[in-house]
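This is run22.cif. It holds mmCIF, C-alpha atoms.
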data_query
#
loop_
_atom_site.group_PDB
_atom_site.id
_atom_site.type_symbol
_atom_site.label_atom_id
_atom_site.label_comp_id
_atom_site.auth_asym_id
_atom_site.auth_seq_id
_atom_site.Cartn_x
_atom_site.Cartn_y
_atom_site.Cartn_z
ATOM 1 C CA MET P 290 0.000 0.000 0.000
ATOM 2 C CA SER P 291 1.644 3.209 -1.188
ATOM 3 C CA VAL P 292 -0.869 5.641 0.346
ATOM 4 C CA ARG P 293 -2.794 5.473 3.595
ATOM 5 C CA ILE P 294 -5.050 7.827 5.548
ATOM 6 C CA GLU P 295 -4.753 8.244 9.315
ATOM 7 C CA THR P 296 -7.517 10.212 11.021
ATOM 8 C CA VAL P 297 -7.679 11.738 14.484
ATOM 9 C CA GLY P 298 -10.875 13.634 15.138
ATOM 10 C CA GLU P 299 -11.445 16.157 12.366
ATOM 11 C CA ILE P 300 -7.912 15.862 10.941
ATOM 12 C CA ALA P 301 -6.853 13.418 8.218
ATOM 13 C CA THR P 302 -3.178 12.766 7.528
ATOM 14 C CA ILE P 303 -2.583 11.416 4.035
ATOM 15 C CA VAL P 304 0.653 9.453 4.068
ATOM 16 C CA LEU P 305 2.817 8.704 1.044
ATOM 17 C CA CYS P 306 4.551 5.444 1.925
ATOM 18 C CA ARG P 307 7.155 4.508 -0.663
ATOM 19 C CA PRO P 308 10.204 5.412 1.440
ATOM 20 C CA ARG P 309 12.624 3.251 -0.551
ATOM 21 C CA HIS P 310 11.805 5.448 -3.561
ATOM 22 C CA ARG P 311 11.832 8.713 -1.565
ATOM 23 C CA ASN P 312 8.064 8.582 -2.036
ATOM 24 C CA ALA P 313 8.309 9.048 -5.796
ATOM 25 C CA VAL P 314 4.907 8.571 -7.403
ATOM 26 C CA ASP P 315 4.117 5.913 -10.008
ATOM 27 C CA ARG P 316 0.716 5.308 -11.634
ATOM 28 C CA ALA P 317 -0.733 3.207 -8.809
ATOM 29 C CA THR P 318 0.436 5.689 -6.188
ATOM 30 C CA ALA P 319 -1.008 8.608 -8.152
ATOM 31 C CA GLU P 320 -4.376 6.850 -8.344
ATOM 32 C CA ALA P 321 -4.331 6.059 -4.631
ATOM 33 C CA LEU P 322 -3.314 9.621 -3.767
ATOM 34 C CA ALA P 323 -6.114 11.142 -5.859
ATOM 35 C CA ASP P 324 -8.619 8.775 -4.235
ATOM 36 C CA ALA P 325 -7.349 9.750 -0.778
ATOM 37 C CA PHE P 326 -7.776 13.463 -1.524
ATOM 38 C CA ARG P 327 -11.284 12.877 -2.872
ATOM 39 C CA SER P 328 -12.206 10.769 0.147
ATOM 40 C CA PHE P 329 -11.052 13.482 2.530
ATOM 41 C CA ASP P 330 -12.836 16.242 0.652
ATOM 42 C CA ALA P 331 -16.115 14.300 0.601
ATOM 43 C CA ASP P 332 -16.110 13.284 4.280
ATOM 44 C CA PRO P 333 -18.251 15.723 6.310
ATOM 45 C CA GLU P 334 -16.538 14.640 9.535
ATOM 46 C CA LEU P 335 -13.097 15.813 8.352
ATOM 47 C CA ARG P 336 -12.127 19.480 8.243
ATOM 48 C CA VAL P 337 -8.411 19.714 7.393
ATOM 49 C CA ALA P 338 -5.860 17.290 5.918
ATOM 50 C CA VAL P 339 -2.093 16.985 6.218
ATOM 51 C CA LEU P 340 0.010 15.502 3.410
ATOM 52 C CA TRP P 341 3.210 13.839 4.660
ATOM 53 C CA GLY P 342 5.816 11.465 3.262
ATOM 54 C CA GLU P 343 6.941 8.510 5.337
ATOM 55 C CA GLY P 344 10.612 7.705 5.868
ATOM 56 C CA GLY P 345 12.278 11.107 5.743
ATOM 57 C CA SER P 346 11.259 12.451 2.326
ATOM 58 C CA PHE P 347 8.108 14.291 1.330
ATOM 59 C CA CYS P 348 8.128 13.314 -2.354
ATOM 60 C CA ALA P 349 10.877 13.134 -4.985
ATOM 61 C CA GLY P 350 8.398 13.621 -7.842
ATOM 62 C CA ALA P 351 7.239 11.160 -10.463
ATOM 63 C CA ASP P 352 8.954 7.777 -10.404
ATOM 64 C CA LEU P 353 11.247 8.023 -13.428
ATOM 65 C CA HIS P 354 12.089 4.320 -13.056
ATOM 66 C CA ALA P 355 8.503 3.598 -14.119
ATOM 67 C CA VAL P 356 8.765 5.489 -17.423
ATOM 68 C CA GLY P 357 8.256 3.135 -20.347
ATOM 69 C CA THR P 358 6.614 0.468 -18.171
ATOM 70 C CA PRO P 359 2.952 -0.251 -17.327
ATOM 71 C CA GLU P 360 3.579 1.526 -13.998
ATOM 72 C CA ALA P 361 4.332 4.846 -15.738
ATOM 73 C CA ASN P 362 2.305 7.855 -14.661
ATOM 74 C CA ARG P 363 -0.911 8.592 -16.502
ATOM 75 C CA LEU P 364 -0.540 11.172 -19.305
ATOM 76 C CA GLU P 365 -4.016 12.228 -20.361
ATOM 77 C CA ALA P 366 -5.486 15.710 -20.773
ATOM 78 C CA GLU P 367 -8.690 14.773 -18.963
ATOM 79 C CA GLY P 368 -9.190 13.105 -15.605
ATOM 80 C CA ASP P 369 -6.551 12.753 -12.933
ATOM 81 C CA ALA P 370 -3.148 14.373 -13.397
ATOM 82 C CA PRO P 371 0.139 12.459 -13.677
ATOM 83 C CA MET P 372 0.824 12.907 -9.938
ATOM 84 C CA GLY P 373 -2.815 12.147 -9.101
ATOM 85 C CA PRO P 374 -4.746 14.926 -7.332
ATOM 86 C CA SER P 375 -3.149 17.976 -8.977
ATOM 87 C CA ARG P 376 -6.248 18.897 -11.028
ATOM 88 C CA LEU P 377 -8.709 18.571 -8.168
ATOM 89 C CA ALA P 378 -10.534 21.677 -6.946
ATOM 90 C CA LEU P 379 -10.518 20.840 -3.256
ATOM 91 C CA GLN P 380 -13.090 22.422 -0.980
ATOM 92 C CA LYS P 381 -11.155 22.070 2.296
ATOM 93 C CA PRO P 382 -7.643 23.069 3.403
ATOM 94 C CA ILE P 383 -4.577 20.837 3.183
ATOM 95 C CA VAL P 384 -1.233 21.400 4.904
ATOM 96 C CA ALA P 385 1.973 19.886 3.492
ATOM 97 C CA ALA P 386 4.422 18.495 6.068
ATOM 98 C CA ILE P 387 7.808 18.482 4.324
ATOM 99 C CA GLU P 388 10.799 16.443 5.421
ATOM 100 C CA GLY P 389 13.735 15.792 3.105
ATOM 101 C CA TYR P 390 12.994 16.320 -0.571
ATOM 102 C CA ALA P 391 9.951 18.054 -2.056
ATOM 103 C CA VAL P 392 11.162 18.338 -5.618
ATOM 104 C CA ALA P 393 9.832 18.146 -9.190
ATOM 105 C CA GLY P 394 6.334 16.656 -9.002
ATOM 106 C CA GLY P 395 6.740 16.519 -5.226
ATOM 107 C CA LEU P 396 7.042 20.294 -5.167
ATOM 108 C CA GLU P 397 3.899 20.445 -7.309
ATOM 109 C CA LEU P 398 2.060 18.345 -4.712
ATOM 110 C CA ALA P 399 3.262 20.689 -1.983
ATOM 111 C CA LEU P 400 2.009 23.658 -4.012
ATOM 112 C CA LEU P 401 -1.409 22.011 -4.304
ATOM 113 C CA CYS P 402 -1.651 22.363 -0.515
ATOM 114 C CA ASP P 403 -2.779 25.610 1.096
ATOM 115 C CA LEU P 404 0.105 25.820 3.579
ATOM 116 C CA ARG P 405 3.534 24.215 3.852
ATOM 117 C CA VAL P 406 5.503 23.304 6.977
ATOM 118 C CA ALA P 407 9.135 22.372 6.250
ATOM 119 C CA ALA P 408 11.896 20.837 8.327
ATOM 120 C CA GLU P 409 15.081 22.905 8.612
ATOM 121 C CA ASP P 410 16.980 20.434 6.437
ATOM 122 C CA ALA P 411 14.287 20.113 3.753
ATOM 123 C CA THR P 412 15.153 20.668 0.091
ATOM 124 C CA LEU P 413 12.713 22.033 -2.487
ATOM 125 C CA GLY P 414 13.167 22.660 -6.174
ATOM 126 C CA VAL P 415 12.210 22.040 -9.782
ATOM 127 C CA PHE P 416 14.696 19.178 -10.108
ATOM 128 C CA CYS P 417 12.836 17.784 -13.128
ATOM 129 C CA ARG P 418 14.464 20.620 -15.087
ATOM 130 C CA ARG P 419 17.665 18.563 -15.080
ATOM 131 C CA PHE P 420 16.052 15.647 -16.913
ATOM 132 C CA GLY P 421 13.853 17.348 -19.491
ATOM 133 C CA VAL P 422 10.661 16.569 -17.565
ATOM 134 C CA PRO P 423 8.159 19.475 -17.648
ATOM 135 C CA LEU P 424 5.906 20.839 -14.947
ATOM 136 C CA ILE P 425 2.533 19.313 -15.851
ATOM 137 C CA ASP P 426 0.951 19.061 -12.386
ATOM 138 C CA GLY P 427 0.219 22.740 -11.857
ATOM 139 C CA GLY P 428 3.705 23.893 -10.935
ATOM 140 C CA SER P 429 4.004 26.559 -13.634
ATOM 141 C CA LEU P 430 0.683 28.050 -12.449
ATOM 142 C CA ARG P 431 0.850 27.660 -8.678
ATOM 143 C CA LEU P 432 4.514 28.505 -8.090
ATOM 144 C CA PRO P 433 4.305 32.126 -9.366
ATOM 145 C CA ARG P 434 1.071 32.595 -7.452
ATOM 146 C CA VAL P 435 2.820 31.566 -4.261
ATOM 147 C CA VAL P 436 6.241 33.230 -4.614
ATOM 148 C CA GLY P 437 5.812 35.767 -7.426
ATOM 149 C CA LEU P 438 6.895 35.725 -11.047
ATOM 150 C CA GLY P 439 10.569 36.551 -10.610
ATOM 151 C CA ARG P 440 11.272 33.948 -7.941
ATOM 152 C CA ALA P 441 9.196 31.341 -9.755
ATOM 153 C CA LEU P 442 11.155 31.842 -12.961
ATOM 154 C CA ASP P 443 14.410 31.602 -11.009
ATOM 155 C CA LEU P 444 13.419 28.154 -9.735
ATOM 156 C CA ILE P 445 11.831 26.983 -12.979
ATOM 157 C CA LEU P 446 14.659 28.056 -15.272
ATOM 158 C CA THR P 447 17.588 26.959 -13.102
ATOM 159 C CA GLY P 448 16.212 23.857 -11.390
ATOM 160 C CA ARG P 449 18.346 24.777 -8.379
ATOM 161 C CA ALA P 450 17.903 23.466 -4.851
ATOM 162 C CA VAL P 451 16.208 25.706 -2.301
ATOM 163 C CA GLY P 452 16.736 25.142 1.411
ATOM 164 C CA ALA P 453 14.057 25.697 4.033
ATOM 165 C CA THR P 454 15.403 29.068 5.208
ATOM 166 C CA GLU P 455 15.338 30.545 1.704
ATOM 167 C CA ALA P 456 11.976 28.909 1.015
ATOM 168 C CA LEU P 457 10.544 30.644 4.096
ATOM 169 C CA ALA P 458 12.000 33.995 3.041
ATOM 170 C CA MET P 459 10.401 33.777 -0.410
ATOM 171 C CA GLY P 460 7.060 32.546 0.925
ATOM 172 C CA LEU P 461 7.373 29.085 -0.565
ATOM 173 C CA VAL P 462 6.880 27.580 2.903
ATOM 174 C CA ASN P 463 4.975 29.045 5.854
ATOM 175 C CA ARG P 464 6.748 27.475 8.836
ATOM 176 C CA VAL P 465 10.224 26.020 9.394
ATOM 177 C CA VAL P 466 10.649 23.494 12.196
ATOM 178 C CA PRO P 467 13.385 21.189 13.538
ATOM 179 C CA PRO P 468 14.004 18.004 11.538
ATOM 180 C CA GLY P 469 11.454 15.296 12.210
ATOM 181 C CA GLN P 470 8.778 17.663 13.501
ATOM 182 C CA SER P 471 7.002 18.742 10.312
ATOM 183 C CA ARG P 472 4.132 16.294 10.681
ATOM 184 C CA GLU P 473 3.503 17.158 14.312
ATOM 185 C CA VAL P 474 3.547 20.906 13.656
ATOM 186 C CA ALA P 475 1.433 20.548 10.500
ATOM 187 C CA GLU P 476 -1.171 18.566 12.426
ATOM 188 C CA GLN P 477 -1.188 21.207 15.172
ATOM 189 C CA LEU P 478 -1.703 23.852 12.502
ATOM 190 C CA ALA P 479 -4.494 21.759 10.982
ATOM 191 C CA ARG P 480 -6.226 21.512 14.365
ATOM 192 C CA SER P 481 -6.035 25.282 14.828
ATOM 193 C CA ILE P 482 -7.669 25.769 11.416
ATOM 194 C CA ALA P 483 -10.320 23.148 12.184
ATOM 195 C CA ALA P 484 -11.224 24.968 15.424
ATOM 196 C CA HIS P 485 -12.503 28.050 13.598
ATOM 197 C CA PRO P 486 -16.133 28.510 12.461
ATOM 198 C CA GLN P 487 -15.975 26.568 9.213
ATOM 199 C CA ALA P 488 -18.499 28.262 6.932
ATOM 200 C CA CYS P 489 -16.736 31.618 7.246
ATOM 201 C CA MET P 490 -13.229 30.178 6.903
ATOM 202 C CA LEU P 491 -14.134 28.053 3.878
ATOM 203 C CA SER P 492 -15.944 30.981 2.253
ATOM 204 C CA ASP P 493 -12.894 33.219 2.615
ATOM 205 C CA ARG P 494 -10.613 30.460 1.326
ATOM 206 C CA ALA P 495 -12.828 29.891 -1.731
ATOM 207 C CA SER P 496 -12.952 33.643 -2.353
ATOM 208 C CA VAL P 497 -9.149 33.882 -2.382
ATOM 209 C CA TYR P 498 -8.788 31.163 -5.008
ATOM 210 C CA ALA P 499 -11.704 32.390 -7.146
ATOM 211 C CA GLY P 500 -10.415 35.955 -7.052
ATOM 212 C CA LEU P 501 -7.051 35.010 -8.555
ATOM 213 C CA ASP P 502 -8.646 34.715 -11.986
ATOM 214 C CA LEU P 503 -11.156 37.582 -11.809
ATOM 215 C CA PRO P 504 -11.030 41.324 -12.503
ATOM 216 C CA LEU P 505 -11.212 43.356 -9.286
ATOM 217 C CA ALA P 506 -14.902 44.269 -9.583
ATOM 218 C CA GLU P 507 -15.978 40.669 -10.193
ATOM 219 C CA GLY P 508 -13.689 39.457 -7.436
ATOM 220 C CA LEU P 509 -15.177 41.896 -4.940
ATOM 221 C CA ALA P 510 -18.698 40.871 -5.954
ATOM 222 C CA GLN P 511 -18.064 37.148 -5.456
ATOM 223 C CA GLU P 512 -16.300 37.856 -2.141
ATOM 224 C CA PHE P 513 -19.374 39.740 -0.907
ATOM 225 C CA ARG P 514 -21.795 37.024 -2.040
ATOM 226 C CA ARG P 515 -19.836 34.317 -0.260
ATOM 227 C CA GLY P 516 -19.218 36.456 2.809
ATOM 228 C CA LEU P 517 -22.836 37.476 3.218
ATOM 229 C CA ASP P 518 -23.895 33.831 3.359
ATOM 230 C CA SER P 519 -21.296 32.914 5.989
ATOM 231 C CA LEU P 520 -22.073 36.091 7.953
ATOM 232 C CA ARG P 521 -25.691 35.002 8.229
ATOM 233 C CA ARG P 522 -24.709 31.427 9.142
ATOM 234 C CA GLU P 523 -21.965 32.171 11.667
ATOM 235 C CA GLY P 524 -21.168 35.863 11.972
ATOM 236 C CA VAL P 525 -24.312 36.921 13.816
ATOM 237 C CA ALA P 526 -23.743 34.300 16.503
ATOM 238 C CA GLY P 527 -20.048 35.170 16.641
ATOM 239 C CA ALA P 528 -20.811 38.847 17.200
ATOM 240 C CA ALA P 529 -23.113 37.868 20.049
ATOM 241 C CA ARG P 530 -20.286 35.883 21.666
ATOM 242 C CA PHE P 531 -17.986 38.893 21.333
ATOM 243 C CA ARG P 532 -20.539 41.180 22.984
ATOM 244 C CA ALA P 533 -20.729 38.665 25.827
ATOM 245 C CA GLY P 534 -16.965 38.957 26.366
ATOM 246 C CA ALA P 535 -15.438 36.222 24.226
ATOM 247 C CA GLY P 536 -12.220 36.908 22.303
ATOM 248 C CA ARG P 537 -11.536 40.319 23.846
ATOM 249 C CA HIS P 538 -7.994 41.733 23.549
ATOM 250 C CA GLY P 539 -7.003 39.018 21.090
ATOM 251 C CA GLY P 540 -7.880 36.117 23.361
ATOM 252 C CA ALA P 541 -9.303 32.827 22.130
ATOM 253 C CA ASP P 542 -13.025 32.531 21.580
ATOM 254 C CA PRO P 543 -14.255 29.608 23.693
ATOM 255 C CA GLY P 544 -17.158 29.255 21.276
ATOM 256 C CA ASP P 545 -14.858 28.253 18.411
#

Step by step, read the file and then write its structure as structure tokens.
Amino acid sequence: MSVRIETVGEIATIVLCRPRHRNAVDRATAEALADAFRSFDADPELRVAVLWGEGGSFCAGADLHAVGTPEANRLEAEGDAPMGPSRLALQKPIVAAIEGYAVAGGLELALLCDLRVAAEDATLGVFCRRFGVPLIDGGSLRLPRVVGLGRALDLILTGRAVGATEALAMGLVNRVVPPGQSREVAEQLARSIAAHPQACMLSDRASVYAGLDLPLAEGLAQEFRRGLDSLRREGVAGAARFRAGAGRHGGADPGD
């Protein structure tokens, strides 16, 4: 089994488990990974997922040893992407927990996630540049959205390695932690996200992604439509909690 799901309460951790291959993804693994993402997104009991690679590496990309064999990654314009879930429009947040290498298609999987927690000794990069393998799992679209055009082109054109400290400085990762702690910290982060009123949080998340492709006026209109719905569902009650004393001076809201 190359992918498994471990759940604790409202958090699902999707585990890539091909450690002997640095969690490189072949066709079967891509299918299992896409199914795991879909299963999480469809489960009403789960709020946030963590994606983590077992054995010290996040993911070294597509399994190039499988090229030219029946285990080679799927290459079709429709349906699942070569790495599996990269074309999915997920409705709930996912946090990447990065140890070791998150390179080539592995970096593209990390970019599919909303947030990224990296160990201090993690390595990220478009290593597929060295072997003539293109970014076909969203990397050329998501990377500039995350780090900006100039930095994205630097990584895409050179294929160079990026350490965790530089990745944090450029916004490629959101947290840097001691080696071996990325999963624990990512799951803590997931729990903090899951503790918030969900309709409002998910509405704002959806608005961010939708607004990336819209002119300002249309983006503002869709933000308001989504926000008005969540305000009615959760904001009125939240304001009442605040008036009663919850969350004053930046404190936690016990109603979350």

Review point. Residues at most 9 Å from stretch 360-369 of chain P, counting only C-alpha atoms, excluding those fewer than 5 positions away in the same chain, as JSON, numbers by chain?
Key: {"P": [314, 315, 316, 317, 318, 319, 320, 323, 351, 352, 353, 354, 355, 374, 375, 376, 377]}

Dump as a compact mmCIF listing (two decimals), keeping the file's coordinate frame, selection limited to C-alpha atoms:
# COMPACT_ATOMS: atom_id res chain seq x y z
CA VAL P 314 4.91 8.57 -7.40
CA ASP P 315 4.12 5.91 -10.01
CA ARG P 316 0.72 5.31 -11.63
CA ALA P 317 -0.73 3.21 -8.81
CA THR P 318 0.44 5.69 -6.19
CA ALA P 319 -1.01 8.61 -8.15
CA GLU P 320 -4.38 6.85 -8.34
CA ALA P 323 -6.11 11.14 -5.86
CA ALA P 351 7.24 11.16 -10.46
CA ASP P 352 8.95 7.78 -10.40
CA LEU P 353 11.25 8.02 -13.43
CA HIS P 354 12.09 4.32 -13.06
CA ALA P 355 8.50 3.60 -14.12
CA PRO P 374 -4.75 14.93 -7.33
CA SER P 375 -3.15 17.98 -8.98
CA ARG P 376 -6.25 18.90 -11.03
CA LEU P 377 -8.71 18.57 -8.17

Review point. For the file shown, what are the residues hit by the PyMOL selection byres ((chain P and resi 489) around 12), laid out as a ChimeraX atom specification?
Key: /P:482-488,490-496,512-527,545

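In this structure, atom CA of P:Phe416 sits 23.1 Å away from atom CA of P:Val466.
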
Review point. What residues come out when you apply the PyMOL selection byres ((chain P and resi 461) around 10) to this file, written as a ChimeraX atom specification?
Key: /P:396,399-400,404-407,413,432-437,440-441,451,453-460,462-464

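When all atoms listed in the file are used to compute distances to P:Ser481, the closest of the residues P:Pro382, P:Gly428, P:Met372, P:Cys306 turns out to be P:Pro382.
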
Practice item. Evaluate the PyMOL selection byres ((chain P and resi 303) around 12) on the structure here and hand back the selected residues as a ChimeraX atom specification. Key: /P:291-297,300-302,304-306,321-330,337-343,347,383-386,402,472,475-476

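Atom CA of P:Leu398 sits 16.5 Å away from atom CA of P:Pro308.
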
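Take atom CA of P:Gly350 and atom CA of P:Leu446: the distance between them is 17.4 Å.
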
Check your understanding: Near P:Gly389, within 7 Å and counting only C-alpha atoms, which residues show up once chain neighbours fewer than 4 positions away are dropped, as a list in words?
Key -> Gly345, Ser346, Phe347, Asp410, Ala411 and Thr412 of chain P

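Every protein, DNA or RNA residue with an atom at most 7 Å from stretch 418-427 of chain P, where only C-alpha atoms count and chain neighbours fewer than 6 positions away do not, is listed here: Ala370, Pro371, Met372, Ser375, Gly394, Glu397 and Gly448 of chain P.
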
**Study point:** Of the listed residues P:Leu379, P:Ala313, P:Leu401, P:Ala499, that which approaches P:Arg431 most closely, counting all atoms listed in the file
**Key:** P:Leu401

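Using all atoms listed in the file, the smallest distance between any of P:Arg449, P:Arg530, P:Arg480, P:Arg311 and P:Ala349 comes from P:Arg311.
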
Complete stretch 290-305 of chain P at the level of N, CA, C and O atoms, written as a compact mmCIF listing (two decimals), keeping the file's coordinate frame.
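Now in rebuild_23.txt:
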# COMPACT_ATOMS: atom_id res chain seq x y z
N MET P 290 0.85 -1.19 0.00
CA MET P 290 0.00 0.00 0.00
C MET P 290 0.89 1.24 0.00
O MET P 290 1.68 1.46 0.92
N SER P 291 0.77 2.05 -1.04
CA SER P 291 1.64 3.21 -1.19
C SER P 291 1.07 4.50 -0.61
O SER P 291 1.79 5.49 -0.49
N VAL P 292 -0.21 4.48 -0.26
CA VAL P 292 -0.87 5.64 0.35
C VAL P 292 -1.82 5.14 1.42
O VAL P 292 -2.53 4.15 1.21
N ARG P 293 -1.81 5.80 2.57
CA ARG P 293 -2.79 5.47 3.60
C ARG P 293 -3.30 6.76 4.23
O ARG P 293 -2.66 7.82 4.11
N ILE P 294 -4.46 6.68 4.87
CA ILE P 294 -5.05 7.83 5.55
C ILE P 294 -5.16 7.50 7.03
O ILE P 294 -5.71 6.46 7.41
N GLU P 295 -4.64 8.38 7.87
CA GLU P 295 -4.75 8.24 9.32
C GLU P 295 -5.56 9.42 9.83
O GLU P 295 -5.21 10.57 9.59
N THR P 296 -6.65 9.15 10.55
CA THR P 296 -7.52 10.21 11.02
C THR P 296 -7.52 10.26 12.54
O THR P 296 -7.55 9.23 13.21
N VAL P 297 -7.50 11.47 13.06
CA VAL P 297 -7.68 11.74 14.48
C VAL P 297 -8.66 12.89 14.59
O VAL P 297 -8.34 14.03 14.22
N GLY P 298 -9.85 12.61 15.06
CA GLY P 298 -10.88 13.63 15.14
C GLY P 298 -11.21 14.18 13.77
O GLY P 298 -11.55 13.43 12.85
N GLU P 299 -11.08 15.48 13.62
CA GLU P 299 -11.44 16.16 12.37
C GLU P 299 -10.27 16.30 11.40
O GLU P 299 -10.42 16.90 10.33
N ILE P 300 -9.12 15.71 11.75
CA ILE P 300 -7.91 15.86 10.94
C ILE P 300 -7.57 14.54 10.27
O ILE P 300 -7.52 13.49 10.92
N ALA P 301 -7.32 14.59 8.97
CA ALA P 301 -6.85 13.42 8.22
C ALA P 301 -5.41 13.66 7.79
O ALA P 301 -5.10 14.72 7.24
N THR P 302 -4.54 12.70 8.04
CA THR P 302 -3.18 12.77 7.53
C THR P 302 -3.04 11.75 6.41
O THR P 302 -3.22 10.54 6.62
N ILE P 303 -2.78 12.25 5.22
CA ILE P 303 -2.58 11.42 4.04
C ILE P 303 -1.09 11.13 3.94
O ILE P 303 -0.28 12.06 3.84
N VAL P 304 -0.74 9.86 3.97
CA VAL P 304 0.65 9.45 4.07
C VAL P 304 1.11 8.80 2.76
O VAL P 304 0.51 7.81 2.32
N LEU P 305 2.14 9.37 2.16
CA LEU P 305 2.82 8.70 1.04
C LEU P 305 3.81 7.71 1.64
O LEU P 305 4.66 8.10 2.45
